[in-house]
Structures are given as structure tokens and as C-alpha cells.
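S.K.: Provided herewith: my_file_39.csv, CSV, C-alpha atoms.
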```csv
chain,number,residue,atom,x,y,z
A,1,MET,CA,-3.5,-51.9,20.2
A,2,ALA,CA,-2.5,-50.3,23.5
A,3,ASP,CA,0.9,-48.7,23.5
A,4,PHE,CA,1.6,-49.5,27.2
A,5,ASP,CA,1.4,-52.3,29.7
A,6,VAL,CA,-0.2,-52.2,33.1
A,7,ASN,CA,2.0,-52.8,36.2
A,8,PRO,CA,1.6,-56.5,37.1
A,9,LEU,CA,0.6,-55.5,40.7
A,10,ILE,CA,-2.7,-54.0,39.4
A,11,ALA,CA,-3.1,-55.7,36.0
A,12,TYR,CA,-6.3,-57.6,35.3
A,13,SER,CA,-6.1,-61.2,34.2
A,14,GLN,CA,-9.0,-63.5,33.6
A,15,HIS,CA,-6.8,-66.4,34.8
A,16,GLU,CA,-7.0,-66.8,38.5
A,17,VAL,CA,-3.4,-68.0,38.8
A,18,ARG,CA,-2.1,-64.8,37.1
A,19,GLY,CA,-4.8,-62.5,38.3
A,20,CYS,CA,-4.4,-59.1,39.9
A,21,ARG,CA,-1.9,-59.3,42.7
A,22,LEU,CA,-4.0,-57.1,45.0
A,23,ILE,CA,-7.0,-57.7,47.2
A,24,TRP,CA,-8.7,-54.4,47.7
A,25,ASP,CA,-12.3,-53.2,48.4
A,26,VAL,CA,-12.5,-50.0,46.4
A,27,ARG,CA,-14.7,-48.4,49.2
A,28,GLU,CA,-11.7,-48.4,51.5
A,29,PRO,CA,-8.5,-46.2,51.3
A,30,PRO,CA,-6.0,-48.3,49.4
A,31,LEU,CA,-3.0,-47.5,51.6
A,32,ASP,CA,-4.9,-48.7,54.7
A,33,SER,CA,-6.7,-51.7,53.3
A,34,ALA,CA,-5.1,-53.2,50.1
A,35,ARG,CA,-3.5,-56.6,50.7
A,36,LEU,CA,-1.3,-58.9,48.6
A,37,VAL,CA,-2.9,-62.0,47.1
A,38,SER,CA,0.3,-63.9,47.9
A,39,ASP,CA,-0.1,-63.1,51.6
A,40,PRO,CA,-3.5,-61.6,52.6
A,41,GLU,CA,-2.1,-60.5,55.9
A,42,GLU,CA,0.5,-58.4,54.2
A,43,SER,CA,0.0,-54.9,52.8
A,44,PRO,CA,1.8,-53.7,49.7
A,45,SER,CA,5.0,-51.8,50.5
A,46,HIS,CA,5.6,-48.1,50.0
A,47,LEU,CA,7.8,-49.2,47.1
A,48,ASP,CA,4.8,-51.1,45.5
A,49,PHE,CA,2.7,-47.9,45.6
A,50,THR,CA,5.4,-45.8,44.2
A,51,GLN,CA,6.1,-48.0,41.1
A,52,PHE,CA,4.9,-46.7,37.8
A,53,ALA,CA,1.4,-47.9,37.0
A,54,THR,CA,2.3,-48.4,33.3
A,55,ASN,CA,5.3,-49.3,31.2
A,56,PRO,CA,6.3,-46.9,29.7
A,57,PRO,CA,5.3,-44.4,32.4
A,58,LEU,CA,2.4,-42.2,31.4
A,59,PRO,CA,1.9,-38.6,32.7
A,60,ARG,CA,-1.9,-39.0,32.6
A,61,LEU,CA,-4.1,-42.1,32.9
A,62,HIS,CA,-7.8,-42.3,32.6
A,63,VAL,CA,-9.8,-45.1,34.1
A,64,VAL,CA,-13.2,-46.2,32.9
A,65,CYS,CA,-15.6,-48.9,34.1
A,66,ASP,CA,-19.0,-50.1,32.8
A,67,PHE,CA,-20.4,-49.9,36.3
A,68,PHE,CA,-19.6,-46.2,36.5
A,69,ASN,CA,-21.9,-43.4,35.5
A,70,ALA,CA,-20.4,-41.1,32.7
A,71,TYR,CA,-20.2,-38.3,35.3
A,72,TRP,CA,-17.5,-40.2,37.2
A,73,PRO,CA,-14.3,-39.6,35.4
A,74,ILE,CA,-11.2,-41.1,37.1
A,75,LYS,CA,-8.0,-39.4,36.2
A,76,ALA,CA,-4.6,-39.9,37.7
A,77,GLN,CA,-1.8,-37.4,36.8
A,78,ARG,CA,1.9,-37.1,37.6
A,79,GLU,CA,4.3,-35.4,35.2
A,80,GLU,CA,7.1,-38.0,35.7
A,81,GLY,CA,4.6,-40.9,35.4
A,82,VAL,CA,1.5,-42.0,37.2
A,83,THR,CA,2.2,-44.5,40.0
A,84,VAL,CA,0.2,-47.5,41.3
A,85,GLY,CA,-0.7,-45.4,44.4
A,86,ASP,CA,-1.9,-42.5,42.2
A,87,VAL,CA,-4.3,-44.8,40.3
A,88,LEU,CA,-5.7,-46.5,43.4
A,89,HIS,CA,-6.1,-43.2,45.2
A,90,ALA,CA,-7.9,-41.7,42.2
A,91,ILE,CA,-10.3,-44.7,42.0
A,92,HIS,CA,-11.1,-44.5,45.7
A,93,THR,CA,-11.4,-40.7,45.8
A,94,THR,CA,-13.9,-40.8,42.9
A,95,LEU,CA,-16.0,-43.5,44.5
A,96,ILE,CA,-16.4,-41.8,47.9
A,97,LYS,CA,-18.0,-38.7,46.4
A,98,ARG,CA,-21.7,-38.1,47.0
A,99,ILE,CA,-24.0,-38.7,44.0
A,100,SER,CA,-26.1,-35.8,42.9
A,101,GLN,CA,-29.9,-35.9,43.0
A,102,GLU,CA,-29.9,-35.9,39.2
A,103,GLU,CA,-27.7,-39.0,39.1
A,104,TYR,CA,-30.0,-40.7,41.6
A,105,ASP,CA,-33.1,-39.7,39.7
A,106,HIS,CA,-31.7,-41.3,36.5
A,107,LEU,CA,-31.7,-44.7,38.3
A,108,SER,CA,-34.6,-47.0,37.8
A,109,PRO,CA,-36.9,-47.5,40.9
A,110,ARG,CA,-35.4,-51.0,41.3
A,111,GLN,CA,-31.8,-49.6,41.1
A,112,GLN,CA,-32.8,-46.9,43.6
A,113,ASN,CA,-34.0,-49.5,46.0
A,114,ARG,CA,-30.8,-51.6,45.7
A,115,VAL,CA,-28.6,-48.5,46.1
A,116,ARG,CA,-30.7,-47.4,49.2
A,117,ASP,CA,-30.1,-50.9,50.6
A,118,ALA,CA,-26.3,-50.6,50.0
A,119,PHE,CA,-26.3,-47.2,51.6
A,120,GLU,CA,-28.2,-48.5,54.7
A,121,GLU,CA,-25.8,-51.5,55.0
A,122,ARG,CA,-22.8,-49.2,54.8
A,123,CYS,CA,-24.2,-46.8,57.4
A,124,SER,CA,-25.2,-49.6,59.7
A,125,MET,CA,-21.5,-50.8,59.8
A,126,ALA,CA,-20.0,-47.3,60.2
A,127,ALA,CA,-18.5,-46.2,63.5
A,128,ASP,CA,-20.4,-42.9,63.1
A,129,ARG,CA,-23.7,-43.9,61.8
A,130,ASP,CA,-25.3,-40.5,62.0
A,131,GLY,CA,-22.3,-38.9,60.2
A,132,CYS,CA,-22.5,-41.6,57.5
A,133,ARG,CA,-26.2,-41.0,57.0
A,134,SER,CA,-25.8,-37.2,56.8
A,135,HIS,CA,-23.2,-37.6,54.1
A,136,GLY,CA,-25.8,-39.3,51.9
A,137,VAL,CA,-25.5,-41.9,49.1
A,138,ILE,CA,-22.0,-42.1,47.6
A,139,ARG,CA,-20.9,-43.5,44.3
A,140,SER,CA,-19.6,-46.7,45.8
A,141,ASP,CA,-23.2,-47.5,47.0
A,142,CYS,CA,-24.2,-47.6,43.4
A,143,LEU,CA,-21.7,-50.5,42.8
A,144,LEU,CA,-23.8,-52.7,45.1
A,145,GLU,CA,-21.7,-55.7,45.8
A,146,HIS,CA,-19.2,-55.2,42.9
A,147,THR,CA,-16.6,-53.4,45.1
A,148,GLY,CA,-13.6,-55.8,44.8
A,149,PHE,CA,-10.7,-54.6,42.7
A,150,ALA,CA,-9.9,-57.1,40.0
A,151,GLY,CA,-7.4,-55.1,38.0
A,152,LEU,CA,-6.8,-52.8,35.1
A,153,SER,CA,-6.5,-53.5,31.4
A,154,PRO,CA,-5.2,-51.1,28.7
A,155,SER,CA,-8.0,-49.9,26.5
A,156,LEU,CA,-7.7,-50.9,22.9
A,157,GLU,CA,-9.9,-48.0,21.8
A,158,MET,CA,-8.9,-44.9,23.9
A,159,ASP,CA,-5.4,-43.4,24.4
A,160,SER,CA,-3.9,-43.4,27.9
A,161,THR,CA,-6.9,-45.2,29.3
A,162,CYS,CA,-7.4,-48.3,31.4
A,163,ILE,CA,-10.5,-50.4,31.9
A,164,LEU,CA,-11.3,-51.2,35.5
A,165,THR,CA,-12.7,-54.6,36.3
A,166,LEU,CA,-14.6,-55.1,39.5
A,167,ARG,CA,-15.7,-58.3,41.1
A,168,ARG,CA,-18.2,-59.1,43.8
A,169,ARG,CA,-16.8,-58.6,47.2
A,170,THR,CA,-16.3,-61.6,49.4
A,171,ARG,CA,-18.2,-61.7,52.6
```
Please lay out the structure from this file as C-alpha cells.

M.R.:
Amino acid sequence: MADFDVNPLIAYSQHEVRGCRLIWDVREPPLDSARLVSDPEESPSHLDFTQFATNPPLPRLHVVCDFFNAYWPIKAQREEGVTVGDVLHAIHTTLIKRISQEEYDHLSPRQQNRVRDAFEERCSMAADRDGCRSHGVIRSDCLLEHTGFAGLSPSLEMDSTCILTLRRRTR
């Protein structure tokens, strides 16, 4: 059993009524793009982002997700306790890194095609298409359409670890 609870703002719940209180596409910087479920026009406040991510506060928090390659460790750290903002920033920062050729080569041909399509879609929507293309395939491209943040759950098997649940993005 986990020895901490996740802050309700970012906690996963399979029940839609009590679901995660944030709407956030993990491809976007959380401070700029996260919205509150209660009012999708409203961003979380500075105080929301500075709340502890767990109760009791943990100085280190690892985040894992079945969609992620094992080479994509997500770690948030703050001696006095990891905050909601720390966790969201760590997730986003990890997902905007370029994937290595080795990671790409480990994908099946079908996965490579789907990731290439996601990359092309992202670049076609970018303000600087050439800059986007020159940066190459990034980790979030590998998530395909599963880029909606659905919340964190404490891991029952690993200490100081949360499981990230993603959902399909809404169009």
C-alpha cells in the first residue's frame, strides 16, 4: 500500500465526477496551457502549482507510465517537498526531448509510421515549421493521440512513485 496520497488537483480517478481536476495536453507547457475542469477558461493559480504534490510531502517523486519507454525517467525533486508544478514541469520536460535513433529503431515499422504521422501533424501546426522539423521526432510524438493528462496514482509496488494515466486528446 502506498504511504502517500496525491494532491486532488492532479490525482487520477476512474470516476468522471471525481476525476482529475486539470485539463492539460502534456505536449504544452503546463503553466501556459493547463486549465481547470470546473472552468475550462480558467488556469490554475500560482498557489495551485505551489501546493505539495503529495501528502505527506515527498522530497523526490518518480513518475512512470506504460506508454513511456524505459529510457524516459521522470523525476521531480525538491528538498522541502515536490510541488504540483514540479511534477507537471518534469512530465512536460521529459516529453519534449528528442528521441534517439536507437529508440526509434526499436519501434516496429507500424509504430514508426504512426510516430512519423504524429511528427508531421505537430510540425504542420507549428508556427516555425522548419524549426520544428529540424528538431526531429520528440517523445510526445510517440504517445500518438494519448496526450491528455488524466492524473497520477500512487504506485502500490514502488516507493515514492506515481503512475501517470493519459487519455486520448479531444479534438

S.K.: For Asp5 of chain A, which residue out of A:Asp32, A:Ala53, A:Ile138, A:Val64 is the nearest one, using only C-alpha atoms?

M.R.: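 Of A:Asp32, A:Ala53, A:Ile138, A:Val64, the one nearest Asp5 of chain A, counting only C-alpha atoms, is A:Ala53.
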
S.K.: Quick one: residues within 12 Å of Pro59 of chain A, only C-alpha atoms counted, chain neighbours fewer than 2 positions away excluded, as a ChimeraX atom specification?

M.R.: /A:52-57,61-62,75-83,86-87,160-161

S.K.: Fewer than 5 positions away in the same chain doesn't count, so skip those; otherwise give me all residues within 9 Å of segment 112-125 of chain A, counting all atoms listed in the file, as a list in words.

M.R.: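 Answer for this query is Tyr104, Asp105, Leu107, Asp130, Gly131, Cys132, Arg133, Gly136, Val137, Ile138, Ser140, Asp141, Cys142, Leu143, Leu144 and Glu145 of chain A.
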
S.K.: Using only C-alpha atoms, can you tell me which of A:Ser155, A:Thr147, A:Leu88, A:Asp48 comes closest to Arg169 of chain A?

M.R.: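 Checking each of A:Ser155, A:Thr147, A:Leu88, A:Asp48 against Arg169 of chain A, counting only C-alpha atoms, the winner is A:Thr147.
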
S.K.: Smallest atom-to-atom distance to Pro8 of chain A: which of A:Thr165, A:Asp25, A:Ala126, A:Gly151, using all atoms listed in the file?

M.R.: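 Result for the nearest residue to Pro8 of chain A: A:Gly151.
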
S.K.: Please compute the atom CA of Gly148 of chain A-atom CA of Glu28 of chain A distance, one decimal, in Å.

M.R.: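 Atom CA of Gly148 of chain A sits 10.2 Å away from atom CA of Glu28 of chain A.
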
S.K.: Calculate how many Å separate atom CA of Ala150 of chain A from atom CA of Glu103 of chain A, rounding to one decimal.

M.R.: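 Spanning atom CA of Ala150 of chain A to atom CA of Glu103 of chain A is a straight-line distance of 25.4 Å.
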
S.K.: Mind checking which residues fall within 8 Å of Ile10 of chain A, counting all atoms listed in the file, ignoring those fewer than 3 positions away in the same chain, and posting them as an mmCIF file with C-alpha atoms, keeping the file's coordinate frame?

M.R.:
```cif
data_model
loop_
_atom_site.group_PDB
_atom_site.id
_atom_site.type_symbol
_atom_site.label_atom_id
_atom_site.label_comp_id
_atom_site.auth_asym_id
_atom_site.auth_seq_id
_atom_site.Cartn_x
_atom_site.Cartn_y
_atom_site.Cartn_z
ATOM 1 C CA VAL A 6 -0.200 -52.200 33.100
ATOM 2 C CA ASN A 7 2.000 -52.800 36.200
ATOM 3 C CA CYS A 20 -4.400 -59.100 39.900
ATOM 4 C CA ARG A 21 -1.900 -59.300 42.700
ATOM 5 C CA LEU A 22 -4.000 -57.100 45.000
ATOM 6 C CA ALA A 53 1.400 -47.900 37.000
ATOM 7 C CA VAL A 84 0.200 -47.500 41.300
ATOM 8 C CA ALA A 150 -9.900 -57.100 40.000
ATOM 9 C CA GLY A 151 -7.400 -55.100 38.000
ATOM 10 C CA LEU A 152 -6.800 -52.800 35.100
#
```

S.K.: When you count only C-alpha atoms, which of these residues is closest to Gly85 of chain A: A:Trp72, A:Phe149, A:Phe49, A:Phe67?

M.R.: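 That would be A:Phe49, the residue with the smallest distance to Gly85 of chain A.
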
S.K.: Draw an axis-aligned box tight on the listed atoms of segment 85-92 of chain A, then pad every side by 3 Å and write out centre and edge lengths in Å to one decimal as lines of an AutoDock Vina configuration file.

M.R.:
```
center_x = -5.9
center_y = -44.1
center_z = 43.0
size_x = 16.4
size_y = 10.8
size_z = 11.4
```

S.K.: Give the answer as one residue: which of A:Pro109, A:Pro44, A:Pro73, A:Pro29 has the shortest atom-to-atom distance to Ile96 of chain A, using all atoms listed in the file?

M.R.: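 Of all the options, A:Pro29 lies closest to Ile96 of chain A.
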
S.K.: May I ask which of the residues A:Leu36, A:Arg98, A:Ser153, A:Ile163 is the closest one to Ala11 of chain A, counting only C-alpha atoms?

M.R.: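 Of A:Leu36, A:Arg98, A:Ser153, A:Ile163, the one nearest Ala11 of chain A, counting only C-alpha atoms, is A:Ser153.
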
S.K.: Quick one: residues within 6 Å of His92 of chain A, all atoms listed in the file, excluding same-chain residues fewer than 3 positions away - as a list in words?

M.R.: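 My reading of the contact set: Val26, His89 and Leu95 of chain A.
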
S.K.: Set the distance at 9 Å and use all atoms listed in the file: which residues neighbour Leu156 of chain A once local chain neighbours fewer than 3 positions away are removed? I'd like the list as JSON, numbers by chain.

M.R.: {"A": [1, 2, 3, 153, 159, 161, 162]}

S.K.: Grab the atom CA of Ser38 of chain A to atom CA of Arg168 of chain A distance for me, in Å with one decimal place.

M.R.: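 Atom CA of Ser38 of chain A sits 19.5 Å away from atom CA of Arg168 of chain A.
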